[in-house]
file run_26.csv (CSV, C-alpha atoms)
chain,number,residue,atom,x,y,z
A,1,MET,CA,4.0,-1.0,21.6
A,2,GLU,CA,7.4,0.6,21.2
A,3,THR,CA,9.0,1.3,17.9
A,4,ILE,CA,12.4,2.8,17.2
A,5,THR,CA,12.5,5.8,14.9
A,6,ILE,CA,15.1,6.5,12.3
A,7,ASP,CA,16.1,10.0,13.3
A,8,GLN,CA,19.5,10.6,14.7
A,9,LYS,CA,18.3,10.7,18.3
A,10,GLN,CA,16.8,7.2,18.0
A,11,GLU,CA,13.9,8.1,20.3
A,12,LYS,CA,11.2,5.6,21.2
A,13,THR,CA,7.6,6.3,20.8
A,14,THR,CA,4.4,4.6,22.1
A,15,LEU,CA,1.6,4.3,19.7
A,16,ASP,CA,-2.1,3.6,20.6
A,17,SER,CA,-2.5,0.1,19.3
A,18,ASN,CA,-6.3,0.1,19.4
A,19,THR,CA,-6.6,3.2,17.2
A,20,THR,CA,-4.0,1.8,14.9
A,21,LYS,CA,-5.7,-1.6,14.6
A,22,ASN,CA,-9.0,0.2,13.8
A,23,GLN,CA,-7.3,2.3,11.1
A,24,ILE,CA,-5.7,-0.8,9.6
A,25,TYR,CA,-9.0,-2.7,9.7
A,26,THR,CA,-10.9,0.2,8.1
A,27,ILE,CA,-8.4,0.5,5.3
A,28,TYR,CA,-8.4,-3.2,4.6
A,29,GLU,CA,-12.2,-3.3,4.7
A,30,ARG,CA,-12.6,-0.4,2.3
A,31,TYR,CA,-9.9,-1.9,-0.1
A,32,TYR,CA,-11.7,-5.2,-0.1
A,33,GLU,CA,-15.0,-3.5,-0.7
A,34,LEU,CA,-13.4,-1.6,-3.6
A,35,SER,CA,-11.9,-4.8,-5.0
A,36,LEU,CA,-15.3,-6.5,-5.0
A,37,LYS,CA,-16.9,-3.5,-6.7
A,38,CYS,CA,-14.2,-3.5,-9.3
A,39,ALA,CA,-14.8,-7.2,-10.0
A,40,ARG,CA,-18.5,-6.4,-10.7
A,41,ASP,CA,-18.1,-3.1,-12.5
A,42,LYS,CA,-15.9,-2.9,-15.6
A,43,ASP,CA,-16.1,0.9,-15.6
A,44,LEU,CA,-15.0,1.2,-12.0
A,45,LEU,CA,-12.1,-1.2,-12.6
A,46,GLU,CA,-11.0,0.9,-15.6
A,47,ALA,CA,-11.2,4.1,-13.5
A,48,PHE,CA,-9.3,2.4,-10.6
A,49,GLN,CA,-6.5,1.3,-12.9
A,50,ASP,CA,-6.0,4.9,-14.2
A,51,PRO,CA,-2.8,6.1,-12.5
A,52,GLU,CA,-4.3,9.5,-12.0
A,53,ASN,CA,-7.3,8.1,-10.0
A,54,THR,CA,-5.5,5.4,-8.1
A,55,VAL,CA,-4.2,7.7,-5.3
A,56,ALA,CA,-7.7,9.1,-4.9
A,57,PHE,CA,-9.3,5.7,-4.6
A,58,MET,CA,-6.7,4.6,-2.0
A,59,THR,CA,-6.8,7.8,0.1
A,60,ASP,CA,-9.9,10.1,0.5
A,61,GLY,CA,-11.6,9.5,-2.9
A,62,LYS,CA,-10.8,12.9,-4.3
A,63,LYS,CA,-8.7,14.2,-7.1
A,64,ASP,CA,-8.5,18.0,-7.5
A,65,ASN,CA,-11.0,18.3,-4.6
A,66,THR,CA,-13.6,16.3,-6.5
A,67,TYR,CA,-14.6,12.7,-5.9
A,68,VAL,CA,-13.4,10.4,-8.7
A,69,TRP,CA,-16.2,7.8,-8.4
A,70,ILE,CA,-20.0,8.3,-7.8
A,71,GLU,CA,-22.1,5.2,-7.4
A,72,ASN,CA,-25.9,5.4,-7.0
A,73,GLY,CA,-25.5,9.0,-6.1
A,74,LYS,CA,-23.0,8.4,-3.4
A,75,PRO,CA,-19.3,9.2,-3.7
A,76,TRP,CA,-16.5,6.7,-3.0
A,77,LYS,CA,-14.8,8.2,-0.1
A,78,GLY,CA,-11.6,6.3,-0.4
A,79,CYS,CA,-9.8,3.6,1.6
A,80,GLY,CA,-8.2,6.0,4.1
A,81,MET,CA,-4.6,5.6,3.3
A,82,LYS,CA,-2.4,8.7,3.5
A,83,ILE,CA,-0.1,9.2,0.6
A,84,PRO,CA,1.9,12.4,-0.3
A,85,GLN,CA,0.5,14.4,-3.1
A,86,ASN,CA,1.9,13.8,-6.5
A,87,THR,CA,2.9,10.2,-5.6
A,88,ARG,CA,3.0,7.9,-8.5
A,89,VAL,CA,1.2,4.7,-7.6
A,90,ILE,CA,1.9,1.4,-9.4
A,91,LEU,CA,-0.4,-1.5,-9.0
A,92,ASP,CA,1.7,-4.7,-9.2
A,93,TYR,CA,0.2,-8.1,-9.5
A,94,GLU,CA,3.5,-9.7,-8.4
A,95,THR,CA,4.1,-7.6,-5.3
A,96,ALA,CA,2.9,-8.9,-2.0
A,97,TRP,CA,3.7,-5.9,0.2
A,98,PRO,CA,4.0,-2.2,-0.4
A,99,ASN,CA,7.2,-0.5,-1.3
A,100,LEU,CA,7.7,3.3,-1.2
A,101,TYR,CA,10.5,5.1,-2.9
A,102,PHE,CA,11.6,8.7,-2.5
A,103,THR,CA,14.1,9.8,-5.2
A,104,LYS,CA,15.6,13.2,-5.0
A,105,LYS,CA,15.0,15.3,-8.1
A,106,GLY,CA,18.0,16.6,-10.0
A,107,GLY,CA,21.4,15.1,-10.5
A,108,SER,CA,22.0,13.5,-7.1
A,109,LYS,CA,19.6,10.6,-7.5
A,110,GLU,CA,19.6,9.9,-3.8
A,111,THR,CA,16.8,7.4,-2.9
A,112,VAL,CA,15.1,6.5,0.3
A,113,THR,CA,13.3,3.2,0.2
A,114,ILE,CA,10.8,1.8,2.6
A,115,LYS,CA,10.0,-1.9,2.2
A,116,GLU,CA,7.3,-3.8,4.1
A,117,SER,CA,7.1,-7.5,4.5
A,118,PRO,CA,5.2,-9.9,6.9
A,119,LEU,CA,8.0,-9.7,9.5
A,120,PHE,CA,10.1,-6.6,8.8
A,121,VAL,CA,10.0,-3.0,7.9
A,122,GLN,CA,13.3,-2.0,6.2
A,123,VAL,CA,14.3,1.5,5.4
A,124,PHE,CA,17.5,2.3,3.5
A,125,SER,CA,19.1,5.1,1.5
A,126,ASN,CA,21.1,4.9,-1.6
A,127,GLY,CA,23.2,7.9,-2.4
A,128,LYS,CA,26.8,9.3,-2.6
A,129,GLU,CA,27.9,7.2,0.3
A,130,GLY,CA,26.4,4.0,-1.1
A,131,ILE,CA,23.6,2.0,0.4
A,132,LYS,CA,23.0,2.7,4.1
A,133,THR,CA,20.5,0.9,6.3
A,134,ILE,CA,18.5,3.4,8.2
A,135,LYS,CA,16.2,1.0,10.0
A,136,ARG,CA,15.3,-2.7,10.1
A,137,GLU,CA,12.6,-3.5,12.5
A,138,LEU,CA,11.0,-6.8,13.4
A,139,LEU,CA,7.3,-6.1,13.5
A,140,ALA,CA,5.6,-6.8,16.8
A,141,GLU,CA,2.2,-8.5,17.0
A,142,ASN,CA,0.3,-5.2,16.4
A,143,GLY,CA,2.1,-4.6,13.2
A,144,VAL,CA,2.7,-0.9,13.8
A,145,SER,CA,6.0,0.6,12.7
A,146,LYS,CA,6.9,4.3,12.8
A,147,VAL,CA,9.3,5.5,10.2
A,148,ILE,CA,10.7,9.0,10.2
A,149,LEU,CA,12.1,10.2,6.9
A,150,PRO,CA,15.5,11.9,6.9
A,151,PHE,CA,14.0,15.1,5.4
A,152,ASP,CA,11.3,17.6,6.4
A,153,THR,CA,7.7,17.9,5.1
A,154,GLU,CA,8.7,21.0,3.0
A,155,ASP,CA,11.5,18.8,1.3
A,156,LEU,CA,8.9,16.4,-0.1
A,157,GLN,CA,8.6,18.7,-3.1
A,158,TYR,CA,12.2,17.9,-4.0
A,159,TYR,CA,11.5,14.2,-4.2
A,160,ASP,CA,9.6,12.0,-6.7
A,161,ALA,CA,7.6,9.5,-4.7
A,162,ILE,CA,6.7,6.1,-6.1
A,163,LEU,CA,4.4,3.7,-4.2
A,164,ILE,CA,4.2,0.1,-5.5
A,165,LEU,CA,1.1,-1.5,-4.1
A,166,PRO,CA,0.1,-5.2,-4.4
A,167,CYS,CA,-2.9,-5.5,-6.6
A,168,PHE,CA,-5.4,-8.2,-5.4
A,169,ILE,CA,-8.5,-7.3,-7.4
A,170,PRO,CA,-10.8,-10.4,-7.6
A,171,ASN,CA,-11.1,-10.3,-11.4
A,172,LYS,CA,-7.4,-11.2,-11.5
A,173,ASP,CA,-7.9,-13.9,-8.8
A,174,MET,CA,-6.8,-17.5,-9.6
A,175,LEU,CA,-9.0,-20.5,-8.9
A,176,THR,CA,-7.1,-23.8,-8.6
A,177,LYS,CA,-8.9,-27.1,-8.5
A,178,VAL,CA,-7.1,-30.1,-7.3
A,179,TYR,CA,-8.3,-33.6,-8.2
A,180,CYS,CA,-7.3,-37.1,-7.2
A,181,LYS,CA,-6.2,-39.3,-10.0
A,182,ASP,CA,-9.1,-41.7,-9.6
A,183,ASN,CA,-11.8,-39.0,-9.7
A,184,LYS,CA,-11.0,-36.3,-12.2
A,185,GLU,CA,-14.6,-35.0,-12.2
A,186,THR,CA,-14.9,-33.8,-8.6
A,187,ALA,CA,-12.3,-31.4,-7.1
A,188,GLU,CA,-11.1,-32.5,-3.7
A,189,ILE,CA,-9.5,-29.1,-3.0
A,190,ILE,CA,-10.4,-25.7,-4.3
A,191,LEU,CA,-8.0,-22.8,-3.7
A,192,THR,CA,-8.2,-19.1,-4.4
A,193,THR,CA,-5.5,-16.4,-3.9
A,194,SER,CA,-7.8,-14.0,-2.0
call {"tool": "encode", "arguments": {"input": "run_26.csv", "output": "structure tokens"}}
result
Amino acid sequence: METITIDQKQEKTTLDSNTTKNQIYTIYERYYELSLKCARDKDLLEAFQDPENTVAFMTDGKKDNTYVWIENGKPWKGCGMKIPQNTRVILDYETAWPNLYFTKKGGSKETVTIKESPLFVQVFSNGKEGIKTIKRELLAENGVSKVILPFDTEDLQYYDAILILPCFIPNKDMLTKVYCKDNKETAEIILTTS
């Protein structure tokens, strides 16, 4: 699969789709496992919803080089996402896809925004020159998009990063039962948001 980067050269890159699919599957599998555990364990849910622990749960399971959750003597080793250190994570029950914001510290308030959706990845900046679209890419079947930020790794320290993640924990799931008007005792359709 080819994706277009957002650097000035607009180079194209080929990504290994099998490796990427495995990474995506593993992250989703671990997040689903975490969600089910949160639904069964009130203490885990409370720990997960603590903003200081959320990044650890979603990444490698560690905060300050120590696992944040030990269950039956085994540490939770995270979902496998990779997020910059000191990223503020917000779990949002009304968001369907992740949004990542990098806001420059200080007076400039320049912001780089990455928005995902089922069909597109959009990247835009908002600064002195106004809103500028950096990239808008229709996702291919593999769902892999490569975004290159307009600043270097060392420059991350000059930005506040906020990641807004959809929160689909089963204890917040909705169960909808649909009845026919002649039989209000037996549901004909049962729906859940998961």
call {"tool": "closest_residue", "arguments": {"input": "run_26.csv", "among": "A:Leu44, A:Val121, A:Ile164, A:Ile90", "to": "Leu139 (chain A)", "atoms": "only C-alpha atoms"}}
result
A:Val121
call {"tool": "residues_around", "arguments": {"input": "run_26.csv", "residues": "Tyr28 (chain A)", "least_positions_apart": "4", "cutoff": "10 Å", "atoms": "all atoms listed in the file", "output": "JSON, numbers by chain"}}
result
{"A": [22, 23, 24, 32, 33, 34, 79, 80, 81]}
call {"tool": "write_last_selection", "arguments": {"input": "run_26.csv", "atoms": "C-alpha atoms", "output": "PDB file, in the coordinates of the input"}}
result
ATOM      1  CA  ASN A  22      -9.000   0.200  13.800  1.00  0.00           C
ATOM      2  CA  GLN A  23      -7.300   2.300  11.100  1.00  0.00           C
ATOM      3  CA  ILE A  24      -5.700  -0.800   9.600  1.00  0.00           C
ATOM      4  CA  TYR A  32     -11.700  -5.200  -0.100  1.00  0.00           C
ATOM      5  CA  GLU A  33     -15.000  -3.500  -0.700  1.00  0.00           C
ATOM      6  CA  LEU A  34     -13.400  -1.600  -3.600  1.00  0.00           C
ATOM      7  CA  CYS A  79      -9.800   3.600   1.600  1.00  0.00           C
ATOM      8  CA  GLY A  80      -8.200   6.000   4.100  1.00  0.00           C
ATOM      9  CA  MET A  81      -4.600   5.600   3.300  1.00  0.00           C
TER      10      MET A  81
END
call {"tool": "residues_around", "arguments": {"input": "run_26.csv", "residues": "Thr66 (chain A)", "least_positions_apart": "3", "cutoff": "10 Å", "atoms": "only C-alpha atoms", "output": "short mmCIF file (atom, residue, chain, number, x, y, z; two decimals) with C-alpha atoms, keeping the file's coordinate frame"}}
result
data_model
loop_
_atom_site.label_atom_id
_atom_site.label_comp_id
_atom_site.auth_asym_id
_atom_site.auth_seq_id
_atom_site.Cartn_x
_atom_site.Cartn_y
_atom_site.Cartn_z
CA ALA A 56 -7.70 9.10 -4.90
CA GLY A 61 -11.60 9.50 -2.90
CA LYS A 62 -10.80 12.90 -4.30
CA LYS A 63 -8.70 14.20 -7.10
CA TRP A 69 -16.20 7.80 -8.40
CA PRO A 75 -19.30 9.20 -3.70
#
call {"tool": "closest_residue", "arguments": {"input": "run_26.csv", "among": "A:Thr103, A:Thr59, A:Thr95, A:Gln49", "to": "Lys115 (chain A)", "atoms": "only C-alpha atoms"}}
result
A:Thr95
call {"tool": "atom_distance", "arguments": {"input": "run_26.csv", "atom1": "CA of Cys167 (chain A)", "atom2": "CA of Asp60 (chain A)"}}
result
18.5 Å
call {"tool": "atom_distance", "arguments": {"input": "run_26.csv", "atom1": "CA of Gly130 (chain A)", "atom2": "CA of Leu91 (chain A)"}}
result
28.5 Å
call {"tool": "closest_residue", "arguments": {"input": "run_26.csv", "among": "A:Ala140, A:Tyr159, A:Leu45, A:Asp92", "to": "Glu110 (chain A)", "atoms": "all atoms listed in the file"}}
result
A:Tyr159
call {"tool": "closest_residue", "arguments": {"input": "run_26.csv", "among": "A:Glu46, A:Arg40, A:Ala187, A:Ile134", "to": "Val68 (chain A)", "atoms": "all atoms listed in the file"}}
result
A:Glu46
call {"tool": "residues_near_point", "arguments": {"input": "run_26.csv", "point": "(14.9, 8.5, 5.4)", "cutoff": "6 Å", "atoms": "all atoms listed in the file", "output": "PyMOL selection string"}}
result
chain A and resi 112+149-150
call {"tool": "atom_distance", "arguments": {"input": "run_26.csv", "atom1": "CA of Lys77 (chain A)", "atom2": "CA of Phe48 (chain A)"}}
result
13.2 Å
call {"tool": "closest_residue", "arguments": {"input": "run_26.csv", "among": "A:Lys128, A:Ile190, A:Phe102, A:Met58", "to": "Ile83 (chain A)", "atoms": "only C-alpha atoms"}}
result
A:Met58
call {"tool": "closest_residue", "arguments": {"input": "run_26.csv", "among": "A:Phe124, A:Phe151, A:Tyr158, A:Phe57", "to": "Leu100 (chain A)", "atoms": "all atoms listed in the file"}}
result
A:Phe124
call {"tool": "residues_around", "arguments": {"input": "run_26.csv", "residues": "Val123 (chain A)", "least_positions_apart": "3", "cutoff": "7 Å", "atoms": "only C-alpha atoms", "output": "ChimeraX atom specification"}}
result
/A:113-115,133-136
call {"tool": "residues_near_point", "arguments": {"input": "run_26.csv", "point": "(-6.6, -30.5, -5.2)", "cutoff": "12 Å", "atoms": "all atoms listed in the file", "output": "VMD selection string"}}
result
chain A and resid 175 to 181 183 to 192
call {"tool": "write_last_selection", "arguments": {"input": "run_26.csv", "atoms": "C-alpha atoms", "output": "tab-separated table (two decimals), in the coordinates of the input"}}
result
chain	number	residue	atom	x	y	z
A	175	LEU	CA	-9.00	-20.50	-8.90
A	176	THR	CA	-7.10	-23.80	-8.60
A	177	LYS	CA	-8.90	-27.10	-8.50
A	178	VAL	CA	-7.10	-30.10	-7.30
A	179	TYR	CA	-8.30	-33.60	-8.20
A	180	CYS	CA	-7.30	-37.10	-7.20
A	181	LYS	CA	-6.20	-39.30	-10.00
A	183	ASN	CA	-11.80	-39.00	-9.70
A	184	LYS	CA	-11.00	-36.30	-12.20
A	185	GLU	CA	-14.60	-35.00	-12.20
A	186	THR	CA	-14.90	-33.80	-8.60
A	187	ALA	CA	-12.30	-31.40	-7.10
A	188	GLU	CA	-11.10	-32.50	-3.70
A	189	ILE	CA	-9.50	-29.10	-3.00
A	190	ILE	CA	-10.40	-25.70	-4.30
A	191	LEU	CA	-8.00	-22.80	-3.70
A	192	THR	CA	-8.20	-19.10	-4.40
call {"tool": "decode", "arguments": {"input": "run_26.csv", "residues": "region 111-144 of chain A", "atoms": "N, CA and C atoms", "output": "mmCIF file, in the first residue's frame"}}
result
data_model
loop_
_atom_site.group_PDB
_atom_site.id
_atom_site.type_symbol
_atom_site.label_atom_id
_atom_site.label_comp_id
_atom_site.auth_asym_id
_atom_site.auth_seq_id
_atom_site.Cartn_x
_atom_site.Cartn_y
_atom_site.Cartn_z
ATOM 1 N N THR A 111 -1.388 24.974 16.354
ATOM 2 C CA THR A 111 -1.889 23.630 16.631
ATOM 3 C C THR A 111 -1.831 22.775 15.374
ATOM 4 N N VAL A 112 -1.381 21.539 15.527
ATOM 5 C CA VAL A 112 -1.437 20.547 14.467
ATOM 6 C C VAL A 112 -2.442 19.494 14.931
ATOM 7 N N THR A 113 -3.432 19.224 14.093
ATOM 8 C CA THR A 113 -4.506 18.305 14.438
ATOM 9 C C THR A 113 -4.508 17.123 13.484
ATOM 10 N N ILE A 114 -4.636 15.916 14.046
ATOM 11 C CA ILE A 114 -4.772 14.699 13.255
ATOM 12 C C ILE A 114 -6.118 14.087 13.616
ATOM 13 N N LYS A 115 -7.007 13.973 12.627
ATOM 14 C CA LYS A 115 -8.337 13.414 12.856
ATOM 15 C C LYS A 115 -8.496 12.161 12.019
ATOM 16 N N GLU A 116 -8.937 11.102 12.687
ATOM 17 C CA GLU A 116 -9.237 9.857 11.982
ATOM 18 C C GLU A 116 -10.738 9.715 11.830
ATOM 19 N N SER A 117 -11.146 9.011 10.796
ATOM 20 C CA SER A 117 -12.542 8.659 10.578
ATOM 21 C C SER A 117 -12.546 7.333 9.810
ATOM 22 N N PRO A 118 -13.702 6.743 9.562
ATOM 23 C CA PRO A 118 -13.707 5.457 8.850
ATOM 24 C C PRO A 118 -13.129 5.539 7.444
ATOM 25 N N LEU A 119 -13.187 6.713 6.817
ATOM 26 C CA LEU A 119 -12.747 6.838 5.430
ATOM 27 C C LEU A 119 -11.498 7.684 5.237
ATOM 28 N N PHE A 120 -11.271 8.661 6.101
ATOM 29 C CA PHE A 120 -10.199 9.627 5.894
ATOM 30 C C PHE A 120 -9.301 9.757 7.110
ATOM 31 N N VAL A 121 -8.070 10.162 6.836
ATOM 32 C CA VAL A 121 -7.207 10.738 7.855
ATOM 33 C C VAL A 121 -6.975 12.168 7.390
ATOM 34 N N GLN A 122 -7.260 13.112 8.275
ATOM 35 C CA GLN A 122 -7.066 14.517 7.942
ATOM 36 C C GLN A 122 -6.046 15.117 8.898
ATOM 37 N N VAL A 123 -5.142 15.897 8.344
ATOM 38 C CA VAL A 123 -4.134 16.586 9.149
ATOM 39 C C VAL A 123 -4.169 18.051 8.728
ATOM 40 N N PHE A 124 -4.302 18.925 9.715
ATOM 41 C CA PHE A 124 -4.279 20.351 9.400
ATOM 42 C C PHE A 124 -3.633 21.114 10.525
ATOM 43 N N SER A 125 -3.152 22.304 10.185
ATOM 44 C CA SER A 125 -2.532 23.171 11.183
ATOM 45 C C SER A 125 -3.351 24.446 11.289
ATOM 46 N N ASN A 126 -3.287 25.042 12.454
ATOM 47 C CA ASN A 126 -3.970 26.301 12.701
ATOM 48 C C ASN A 126 -2.954 27.202 13.393
ATOM 49 N N GLY A 127 -2.561 28.266 12.727
ATOM 50 C CA GLY A 127 -1.544 29.157 13.276
ATOM 51 C C GLY A 127 -1.686 30.559 12.736
ATOM 52 N N LYS A 128 -0.553 31.247 12.613
ATOM 53 C CA LYS A 128 -0.538 32.639 12.151
ATOM 54 C C LYS A 128 -1.159 32.788 10.766
ATOM 55 N N GLU A 129 -0.915 31.788 9.914
ATOM 56 C CA GLU A 129 -1.411 31.859 8.537
ATOM 57 C C GLU A 129 -2.844 31.357 8.407
ATOM 58 N N GLY A 130 -3.493 31.034 9.516
ATOM 59 C CA GLY A 130 -4.856 30.501 9.469
ATOM 60 C C GLY A 130 -4.842 28.978 9.427
ATOM 61 N N ILE A 131 -5.942 28.409 9.004
ATOM 62 C CA ILE A 131 -6.058 26.947 8.928
ATOM 63 C C ILE A 131 -5.512 26.472 7.592
ATOM 64 N N LYS A 132 -4.604 25.506 7.666
ATOM 65 C CA LYS A 132 -3.956 24.982 6.460
ATOM 66 C C LYS A 132 -4.079 23.458 6.479
ATOM 67 N N THR A 133 -4.655 22.892 5.415
ATOM 68 C CA THR A 133 -4.746 21.441 5.307
ATOM 69 C C THR A 133 -3.382 20.897 4.898
ATOM 70 N N ILE A 134 -2.871 19.991 5.701
ATOM 71 C CA ILE A 134 -1.571 19.389 5.418
ATOM 72 C C ILE A 134 -1.761 18.082 4.641
ATOM 73 N N LYS A 135 -2.811 17.358 5.008
ATOM 74 C CA LYS A 135 -3.045 16.075 4.347
ATOM 75 C C LYS A 135 -4.512 15.691 4.524
ATOM 76 N N ARG A 136 -5.071 15.151 3.499
ATOM 77 C CA ARG A 136 -6.395 14.526 3.568
ATOM 78 C C ARG A 136 -6.312 13.304 2.686
ATOM 79 N N GLU A 137 -6.359 12.154 3.324
ATOM 80 C CA GLU A 137 -6.116 10.918 2.588
ATOM 81 C C GLU A 137 -7.281 9.955 2.764
ATOM 82 N N LEU A 138 -7.785 9.458 1.657
ATOM 83 C CA LEU A 138 -8.785 8.408 1.682
ATOM 84 C C LEU A 138 -8.076 7.112 2.049
ATOM 85 N N LEU A 139 -8.562 6.442 3.081
ATOM 86 C CA LEU A 139 -7.906 5.217 3.528
ATOM 87 C C LEU A 139 -8.153 4.083 2.562
ATOM 88 N N ALA A 140 -7.112 3.346 2.293
ATOM 89 C CA ALA A 140 -7.236 2.150 1.464
ATOM 90 C C ALA A 140 -7.778 1.019 2.322
ATOM 91 N N GLU A 141 -7.968 -0.128 1.731
ATOM 92 C CA GLU A 141 -8.560 -1.269 2.424
ATOM 93 C C GLU A 141 -7.781 -1.677 3.672
ATOM 94 N N ASN A 142 -6.455 -1.551 3.651
ATOM 95 C CA ASN A 142 -5.640 -1.956 4.794
ATOM 96 C C ASN A 142 -5.735 -0.986 5.963
ATOM 97 N N GLY A 143 -6.210 0.214 5.730
ATOM 98 C CA GLY A 143 -6.393 1.172 6.805
ATOM 99 C C GLY A 143 -5.109 1.706 7.398
ATOM 100 N N VAL A 144 -4.042 1.779 6.598
ATOM 101 C CA VAL A 144 -2.755 2.261 7.100
ATOM 102 C C VAL A 144 -2.492 3.645 6.537
#
